[in-house]
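The file structure-v9.txt contains compact mmCIF, C-alpha atoms:
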# COMPACT_ATOMS: atom_id res chain seq x y z
CA MET A 100 -19.27 1.75 -29.68
CA ILE A 101 -20.65 1.81 -26.20
CA GLY A 102 -22.69 4.92 -25.63
CA GLU A 103 -22.76 7.54 -22.94
CA GLY A 104 -23.88 7.06 -19.36
CA ARG A 105 -24.64 3.84 -17.61
CA LYS A 106 -26.78 2.23 -20.25
CA SER A 107 -24.40 -0.46 -21.37
CA VAL A 108 -24.65 -2.83 -18.46
CA GLN A 109 -23.29 -6.29 -19.16
CA LYS A 110 -24.08 -9.05 -16.70
CA VAL A 111 -22.69 -12.57 -16.50
CA VAL A 112 -23.31 -15.28 -13.93
CA ILE A 113 -20.99 -18.26 -13.86
CA PRO A 114 -20.56 -21.36 -11.72
CA ALA A 115 -18.03 -20.71 -8.94
CA THR A 116 -15.38 -23.01 -10.35
CA LEU A 117 -11.84 -22.30 -11.54
CA GLU A 118 -12.67 -23.89 -14.87
CA ALA A 119 -15.51 -21.43 -15.50
CA LEU A 120 -13.45 -18.29 -14.83
CA ARG A 121 -12.28 -18.10 -18.41
CA GLN A 122 -15.85 -17.12 -19.35
CA ILE A 123 -15.55 -13.96 -17.27
CA SER A 124 -12.24 -13.09 -18.92
CA GLU A 125 -13.87 -13.45 -22.33
CA VAL A 126 -16.83 -11.27 -21.35
CA VAL A 127 -14.59 -8.50 -19.94
CA GLU A 128 -12.38 -8.61 -23.03
CA ALA A 129 -15.35 -8.43 -25.41
CA TYR A 130 -16.89 -5.59 -23.41
CA LEU A 131 -13.77 -3.43 -23.52
CA ALA A 132 -13.25 -4.19 -27.21
CA GLN A 133 -16.35 -2.07 -27.84
CA VAL A 134 -14.85 1.02 -26.22
CA ASP A 135 -13.11 3.16 -28.83
CA GLY A 136 -9.93 5.12 -28.37
CA ILE A 137 -8.28 3.41 -25.40
CA PRO A 138 -4.51 3.98 -25.67
CA ASP A 139 -2.50 0.76 -25.29
CA ALA A 140 -5.82 -1.08 -25.38
CA GLU A 141 -4.22 -4.53 -25.25
CA ILE A 142 -2.37 -3.84 -22.02
CA PHE A 143 -5.30 -1.91 -20.51
CA THR A 144 -7.72 -4.74 -21.28
CA TYR A 145 -5.32 -7.43 -20.06
CA ASN A 146 -4.92 -5.63 -16.73
CA ILE A 147 -8.67 -5.40 -16.18
CA VAL A 148 -9.16 -9.04 -17.22
CA LEU A 149 -6.42 -10.10 -14.81
CA ALA A 150 -7.81 -8.05 -11.90
CA VAL A 151 -11.33 -9.45 -12.31
CA HIS A 152 -9.93 -12.96 -12.78
CA GLU A 153 -7.84 -12.66 -9.59
CA LEU A 154 -10.87 -11.50 -7.62
CA CYS A 155 -13.04 -14.33 -8.89
CA THR A 156 -10.26 -16.85 -8.24
CA ASN A 157 -10.12 -15.64 -4.64
CA ILE A 158 -13.86 -16.02 -4.31
CA VAL A 159 -13.80 -19.58 -5.68
CA THR A 160 -10.76 -20.63 -3.67
CA HIS A 161 -11.26 -18.86 -0.36
CA ALA A 162 -14.83 -17.57 -0.03
CA TYR A 163 -16.60 -20.63 -1.44
CA ALA A 164 -13.66 -22.99 -0.73
CA GLY A 165 -15.01 -25.63 -3.06
CA GLU A 166 -18.74 -25.14 -2.46
CA ALA A 167 -20.85 -25.20 -5.59
CA ASP A 168 -22.50 -21.83 -6.16
CA THR A 169 -22.28 -18.86 -8.52
CA ILE A 170 -20.46 -15.58 -9.07
CA ALA A 171 -22.28 -12.64 -10.64
CA VAL A 172 -20.26 -10.00 -12.48
CA GLU A 173 -21.68 -6.74 -13.84
CA LEU A 174 -19.78 -4.25 -15.98
CA TRP A 175 -20.78 -0.75 -16.93
CA LEU A 176 -19.32 2.60 -17.89
CA GLU A 177 -19.76 5.92 -16.14
CA GLU A 178 -18.91 9.33 -17.56
CA ASN A 179 -16.97 12.39 -16.38
CA PRO A 180 -14.43 11.03 -16.26
CA LEU A 181 -15.02 7.90 -18.31
CA ARG A 182 -14.51 4.88 -16.09
CA LEU A 183 -15.27 1.21 -15.99
CA ILE A 184 -17.14 -0.18 -13.01
CA VAL A 185 -17.00 -3.90 -12.26
CA SER A 186 -19.38 -5.23 -9.62
CA VAL A 187 -18.79 -8.77 -8.35
CA ARG A 188 -21.18 -10.59 -6.02
CA ASP A 189 -20.97 -13.95 -4.33
CA ASN A 190 -23.18 -15.87 -1.91
CA ALA A 191 -20.33 -17.35 0.07
CA PRO A 192 -20.62 -17.74 3.84
CA ARG A 193 -17.01 -16.62 4.36
CA ILE A 194 -15.76 -13.05 4.08
CA PHE A 195 -12.39 -11.68 3.06
CA ASP A 196 -10.35 -10.46 6.05
CA GLU A 197 -9.53 -7.03 4.65
CA ASP A 198 -7.96 -5.75 7.90
CA GLY A 199 -5.70 -8.76 8.17
CA TRP A 200 -4.39 -8.42 4.62
CA ARG A 201 -0.79 -7.28 4.18
CA ALA A 202 0.99 -6.35 0.96
CA PRO A 203 3.52 -8.97 -0.09
CA ASN A 204 7.28 -8.37 -0.08
CA LEU A 205 7.99 -8.54 -3.80
CA ASP A 206 11.73 -8.97 -3.28
CA GLU A 207 11.09 -12.24 -1.47
CA PRO A 208 8.14 -13.66 -3.37
CA LYS A 209 5.95 -16.19 -1.66
CA GLU A 210 3.41 -18.51 -3.14
CA HIS A 211 0.41 -16.64 -1.75
CA GLY A 212 -0.80 -13.09 -1.35
CA LEU A 213 -0.15 -11.74 -4.81
CA GLY A 214 -3.73 -11.90 -6.11
CA ILE A 215 -5.31 -9.16 -3.99
CA TRP A 216 -2.18 -7.04 -4.37
CA LEU A 217 -2.47 -7.26 -8.15
CA ILE A 218 -6.13 -6.21 -8.01
CA LYS A 219 -5.23 -3.16 -5.92
CA GLU A 220 -2.33 -2.27 -8.22
CA LEU A 221 -4.26 -2.66 -11.44
CA MET A 222 -7.49 -0.90 -10.44
CA ASP A 223 -8.02 2.68 -9.27
CA GLU A 224 -10.52 1.72 -6.58
CA VAL A 225 -11.26 -1.57 -4.86
CA ASN A 226 -14.25 -1.46 -2.53
CA TYR A 227 -15.47 -4.43 -0.55
CA LYS A 228 -18.72 -4.81 1.37
CA PRO A 229 -18.53 -8.02 3.34
CA ALA A 230 -21.79 -9.74 4.19
CA PRO A 231 -21.84 -13.51 4.60
CA GLY A 232 -24.12 -14.85 1.88
CA ASN A 233 -23.96 -11.59 -0.09
CA ASN A 234 -20.40 -10.29 -0.45
CA ARG A 235 -19.97 -7.40 -2.85
CA TRP A 236 -16.90 -6.04 -4.56
CA ARG A 237 -16.71 -2.91 -6.68
CA LEU A 238 -13.69 -2.29 -8.87
CA VAL A 239 -13.22 1.01 -10.68
CA LYS A 240 -10.77 1.95 -13.43
CA GLN A 241 -10.60 5.25 -15.23
CA ILE A 242 -10.41 4.80 -18.99
CA PRO A 243 -7.87 7.11 -20.60
CA ARG A 244 -8.82 8.44 -24.02
CA ARG A 245 -6.51 8.84 -26.94
CA LEU A 246 -6.15 12.50 -27.85
CA GLU A 247 -7.78 13.31 -31.18
CA ASN A 248 -5.71 15.24 -33.74
CA MET B 148 53.15 -33.90 -14.25
CA LYS B 149 50.02 -35.36 -12.83
CA ILE B 150 46.78 -33.64 -13.64
CA THR B 151 43.19 -34.48 -12.88
CA VAL B 152 40.55 -33.67 -15.44
CA THR B 153 36.96 -33.64 -14.35
CA GLU B 154 34.07 -32.90 -16.63
CA GLN B 155 30.72 -31.81 -15.29
CA VAL B 156 27.73 -32.03 -17.49
CA SER B 157 24.65 -30.24 -16.25
CA ARG B 158 21.30 -30.83 -17.79
CA THR B 159 18.95 -27.93 -18.42
CA VAL B 160 15.30 -28.70 -18.80
CA ILE B 161 13.42 -26.37 -21.13
CA VAL B 162 9.70 -26.11 -20.50
CA ALA B 163 7.73 -24.18 -23.12
CA LEU B 164 4.35 -22.91 -21.94
CA GLN B 165 2.02 -21.96 -24.73
CA GLU B 166 -1.36 -21.93 -23.03
CA ARG B 167 -2.65 -19.81 -20.19
CA LEU B 168 -1.19 -20.67 -16.82
CA ASP B 169 -3.85 -19.84 -14.27
CA ALA B 170 -5.47 -21.16 -11.12
CA PHE B 171 -7.22 -23.86 -13.15
CA SER B 172 -4.16 -25.16 -15.00
CA ALA B 173 -1.55 -24.45 -12.29
CA PRO B 174 -2.00 -27.73 -10.33
CA GLN B 175 -1.33 -29.76 -13.48
CA MET B 176 1.74 -27.66 -14.25
CA ARG B 177 3.00 -28.02 -10.70
CA GLU B 178 2.61 -31.80 -10.95
CA GLN B 179 4.70 -31.93 -14.11
CA LEU B 180 7.43 -29.74 -12.63
CA ASP B 181 7.41 -31.86 -9.45
CA ALA B 182 8.07 -34.92 -11.59
CA LEU B 183 11.03 -33.20 -13.27
CA LEU B 184 12.47 -32.16 -9.89
CA ALA B 185 11.98 -35.67 -8.55
CA GLY B 186 13.84 -36.93 -11.60
CA GLY B 187 16.88 -34.88 -10.59
CA ALA B 188 16.47 -31.79 -12.77
CA THR B 189 17.68 -28.59 -11.12
CA GLN B 190 18.37 -26.23 -14.04
CA PHE B 191 15.26 -24.96 -15.76
CA ILE B 192 14.43 -22.59 -18.55
CA ILE B 193 10.73 -21.75 -18.61
CA ASP B 194 9.88 -20.40 -22.02
CA LEU B 195 7.11 -17.84 -21.61
CA SER B 196 7.56 -16.34 -25.07
CA GLN B 197 4.14 -17.61 -26.20
CA MET B 198 2.38 -17.24 -22.84
CA PRO B 199 -0.98 -15.51 -23.39
CA PHE B 200 -2.12 -15.21 -19.75
CA LEU B 201 -0.40 -15.68 -16.40
CA ASP B 202 -2.17 -15.15 -13.08
CA SER B 203 -0.92 -15.17 -9.48
CA ALA B 204 -1.50 -18.93 -9.16
CA GLY B 205 0.66 -19.48 -12.23
CA MET B 206 3.30 -17.16 -10.81
CA ALA B 207 3.18 -19.14 -7.55
CA VAL B 208 4.11 -22.26 -9.50
CA LEU B 209 7.16 -20.45 -10.90
CA VAL B 210 8.17 -19.18 -7.44
CA SER B 211 7.83 -22.67 -5.98
CA LEU B 212 9.98 -24.10 -8.75
CA LEU B 213 12.60 -21.38 -8.24
CA LYS B 214 12.87 -22.06 -4.51
CA ARG B 215 13.16 -25.81 -4.90
CA ALA B 216 15.59 -25.60 -7.81
CA ARG B 217 17.86 -23.21 -5.89
CA GLN B 218 17.68 -25.41 -2.77
CA ALA B 219 18.98 -28.23 -4.95
CA GLY B 220 21.79 -26.03 -6.25
CA GLY B 221 20.12 -25.12 -9.52
CA ASP B 222 18.20 -22.17 -10.90
CA VAL B 223 15.28 -21.13 -13.08
CA GLN B 224 15.51 -18.76 -16.02
CA LEU B 225 12.50 -17.28 -17.76
CA VAL B 226 12.30 -16.47 -21.46
CA LYS B 227 10.48 -13.14 -21.74
CA PRO B 228 6.89 -13.23 -22.94
CA THR B 229 6.26 -11.72 -26.36
CA SER B 230 3.04 -10.25 -25.01
CA GLY B 231 3.76 -6.78 -23.69
CA ALA B 232 0.87 -7.13 -21.25
CA VAL B 233 2.22 -10.33 -19.67
CA LEU B 234 5.74 -8.87 -19.56
CA ARG B 235 4.47 -5.76 -17.82
CA ILE B 236 2.90 -7.87 -15.05
CA LEU B 237 6.20 -9.71 -14.58
CA GLN B 238 7.88 -6.31 -14.19
CA LEU B 239 5.17 -5.01 -11.84
CA THR B 240 5.59 -8.03 -9.57
CA ARG B 241 9.41 -7.75 -9.87
CA PHE B 242 9.63 -11.25 -11.26
CA ASP B 243 12.05 -9.79 -13.79
CA ARG B 244 14.45 -9.11 -10.89
CA VAL B 245 13.85 -12.28 -8.89
CA PHE B 246 14.32 -14.50 -11.95
CA ASP B 247 17.10 -14.42 -14.50
CA MET B 248 15.32 -13.25 -17.66
CA LEU B 249 16.32 -14.31 -21.16
CA ASP B 250 15.33 -12.50 -24.36
CA ALA B 251 15.15 -15.82 -26.20
CA LEU B 252 15.98 -19.48 -25.86
CA PRO B 253 19.73 -20.10 -26.01
CA ALA B 254 20.97 -21.40 -29.37
CA LYS B 255 21.47 -25.18 -29.42

Whole structure, C-alpha cells version:
Amino acid sequence: MIGEGRKSVQKVVIPATLEALRQISEVVEAYLAQVDGIPDAEIFTYNIVLAVHELCTNIVTHAYAGEADTIAVELWLEENPLRLIVSVRDNAPRIFDEDGWRAPNLDEPKEHGLGIWLIKELMDEVNYKPAPGNNRWRLVKQIPRRLEN
Amino acid sequence: MKITVTEQVSRTVIVALQERLDAFSAPQMREQLDALLAGGATQFIIDLSQMPFLDSAGMAVLVSLLKRARQAGGDVQLVKPTSGAVLRILQLTRFDRVFDMLDALPAK
C-alpha cells in the first residue's frame, strides 16, 4: 500500500521510441496496483495507462519526430483529495501547438487528433508548459475510494 | 416463363486481433489490411474480443479500413472486446456508433 503524502514518487526514463512505450504502461499499471480500494480498478488503471501512453506517443511522433532522445515520467500521489499526478518531460525542440488544437468530430472520425482528446477526456487536469528542449506536461486524476462498510 | 437467376457470393474477411494494437504495431497492421484490400476484400469483421489494449493509432487503422472498405462498397464490423476497459474507450470515442458492433463472431 502506498502511503500518505507525496513520498511514493516513481520515476522512469525511457528511450523516445514507440517500441519503448510499453515500459511506461507497465510502470503506471504496477504503480496503481499498489493503491488499495480503487473502485473499478481495472478500468481506472487502463484509462490512466492509455492517457500517459497517448501523451508519450505524441512526444515521440510529433515533438521528437524520430530524433533519438528520452522521455522522463514521474508518478506520485497527493492527498485531500487523493489524486495521482503524472509529470512527463521531454527535451524535444518542437512544442505542441495547444492554441491550434481542436477537438475532433467523433461522428466523422478522422485518422488523427484523437490522442490529445483522449488525454483530456480521461484525466481531470492536463497542464502543459512548452519550452523547446524542456517541455513539461502534468496530468492529474482524482482517485475515487471505495466506501468502507 | 423466362427467368434469370443470379447468385452473388460475397467474401467476408475475419481478422482476429489478440495483441495490443498501438502506435508501434499499427503500421504492421495497416500493411496487412492494405494487402487484403488490394486483394479485393471489402467486407471485414475485425474481432476485438481478445484485444487487451487499443490506442488512437490503432483506432486510426480501423477508421482508415472503414473508409476504404465503404468506398469499395463494403463495410467493417467490429466484434466487441471482452475487456470492459477497451469497450468503454470504444464507446467514449463513439466507435460503437460509427462501426457496426457484433457481440460475437457469426456462427459458421

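Interatomic distance, CA of Trp200 in chain A against CA of His152 in chain A: 18.8 Å.
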
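In terms of minimum interatomic distance to Ala162 in chain A, A:Ile194 ranks closest within A:Ile194, A:Ala129, A:Val108, A:Leu183, counting only C-alpha atoms.
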
What are the closest atom pairs, with distances in Å to one decimal, for all residues of chain B lying within 12 Å of chain A? Consider all atoms listed in the file, order rows by chain and residue number, and present the result as a tab-separated table.
residue	atom	partner	partner_atom	distance
B:Arg167	CA	A:Arg121	CA	9.9
B:Leu168	CA	A:Arg121	CA	11.5
B:Asp169	CA	A:Leu117	CA	8.8
B:Ala170	CA	A:Leu117	CA	6.5
B:Phe171	CA	A:Leu117	CA	5.1
B:Ser172	CA	A:Glu118	CA	8.6
B:Ala173	CA	A:Leu117	CA	10.5
B:Pro174	CA	A:Leu117	CA	11.3
B:Pro199	CA	A:Tyr145	CA	9.8
B:Phe200	CA	A:Leu149	CA	8.3
B:Leu201	CA	A:Leu149	CA	8.4
B:Asp202	CA	A:Leu149	CA	6.8
B:Ser203	CA	A:Gly214	CA	5.5
B:Ala204	CA	A:Glu210	CA	7.8
B:Gly205	CA	A:Glu210	CA	9.5
B:Met206	CA	A:Glu210	CA	7.8
B:Ala207	CA	A:Glu210	CA	4.5
B:Val208	CA	A:Glu210	CA	7.4
B:Leu209	CA	A:Glu210	CA	8.8
B:Val210	CA	A:Glu210	CA	6.4
B:Ser211	CA	A:Glu210	CA	6.7
B:Leu212	CA	A:Glu210	CA	10.3
B:Leu213	CA	A:Pro208	CA	10.2
B:Lys214	CA	A:Lys209	CA	9.5
B:Ser230	CA	A:Ile142	CA	8.9
B:Gly231	CA	A:Ile142	CA	7.0
B:Ala232	CA	A:Ile142	CA	4.7
B:Val233	CA	A:Tyr145	CA	8.1
B:Leu234	CA	A:Ile142	CA	9.9
B:Arg235	CA	A:Ile142	CA	8.3
B:Ile236	CA	A:Asn146	CA	8.3
B:Leu237	CA	A:Leu205	CA	11.0
B:Gln238	CA	A:Leu205	CA	10.6
B:Leu239	CA	A:Glu220	CA	8.8
B:Thr240	CA	A:Leu205	CA	6.3
B:Arg241	CA	A:Leu205	CA	6.3
B:Phe242	CA	A:Leu205	CA	8.1
B:Asp243	CA	A:Asp206	CA	10.5
B:Arg244	CA	A:Asp206	CA	8.1
B:Val245	CA	A:Asp206	CA	6.9
B:Phe246	CA	A:Asp206	CA	10.6

Centre and edge lengths, as JSON, for the axis-aligned box enclosing every listed atom of range 213-220 of chain A with 6 Å of padding on each of the six sides, in Å to one decimal?
{"center_x": -3.1, "center_y": -7.1, "center_z": -6.1, "size_x": 18.0, "size_y": 21.6, "size_z": 16.2}

Quick one: pull the distance between CA of Asp198 in chain A and CA of Val225 in chain A, Å, one decimal.
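So the two atoms, CA of Asp198 in chain A and CA of Val225 in chain A, lie 13.8 Å apart.
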
For range 227-238 of chain B, which lacks atoms in the input, supply N, CA and C atoms and format the output as a compact mmCIF listing (two decimals), keeping the file's coordinate frame.
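This went into selection.txt:
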# COMPACT_ATOMS: atom_id res chain seq x y z
N LYS B 227 11.47 -14.23 -21.79
CA LYS B 227 10.48 -13.14 -21.74
C LYS B 227 9.26 -13.43 -22.62
N PRO B 228 8.08 -13.10 -22.10
CA PRO B 228 6.89 -13.23 -22.94
C PRO B 228 6.90 -12.22 -24.09
N THR B 229 6.40 -12.64 -25.23
CA THR B 229 6.26 -11.72 -26.36
C THR B 229 5.17 -10.69 -26.07
N SER B 230 4.14 -11.15 -25.36
CA SER B 230 3.04 -10.25 -25.01
C SER B 230 3.52 -9.16 -24.07
N GLY B 231 3.35 -7.91 -24.52
CA GLY B 231 3.76 -6.78 -23.69
C GLY B 231 2.97 -6.72 -22.39
N ALA B 232 1.72 -7.18 -22.43
CA ALA B 232 0.87 -7.13 -21.25
C ALA B 232 1.36 -8.12 -20.19
N VAL B 233 1.73 -9.33 -20.62
CA VAL B 233 2.22 -10.33 -19.67
C VAL B 233 3.58 -9.88 -19.11
N LEU B 234 4.42 -9.34 -19.99
CA LEU B 234 5.74 -8.87 -19.56
C LEU B 234 5.61 -7.77 -18.51
N ARG B 235 4.65 -6.88 -18.74
CA ARG B 235 4.47 -5.76 -17.82
C ARG B 235 4.09 -6.25 -16.42
N ILE B 236 3.28 -7.31 -16.36
CA ILE B 236 2.90 -7.87 -15.05
C ILE B 236 4.12 -8.50 -14.37
N LEU B 237 4.97 -9.13 -15.15
CA LEU B 237 6.20 -9.71 -14.58
C LEU B 237 7.10 -8.60 -14.03
N GLN B 238 7.08 -7.44 -14.68
CA GLN B 238 7.88 -6.31 -14.19
C GLN B 238 7.23 -5.69 -12.95
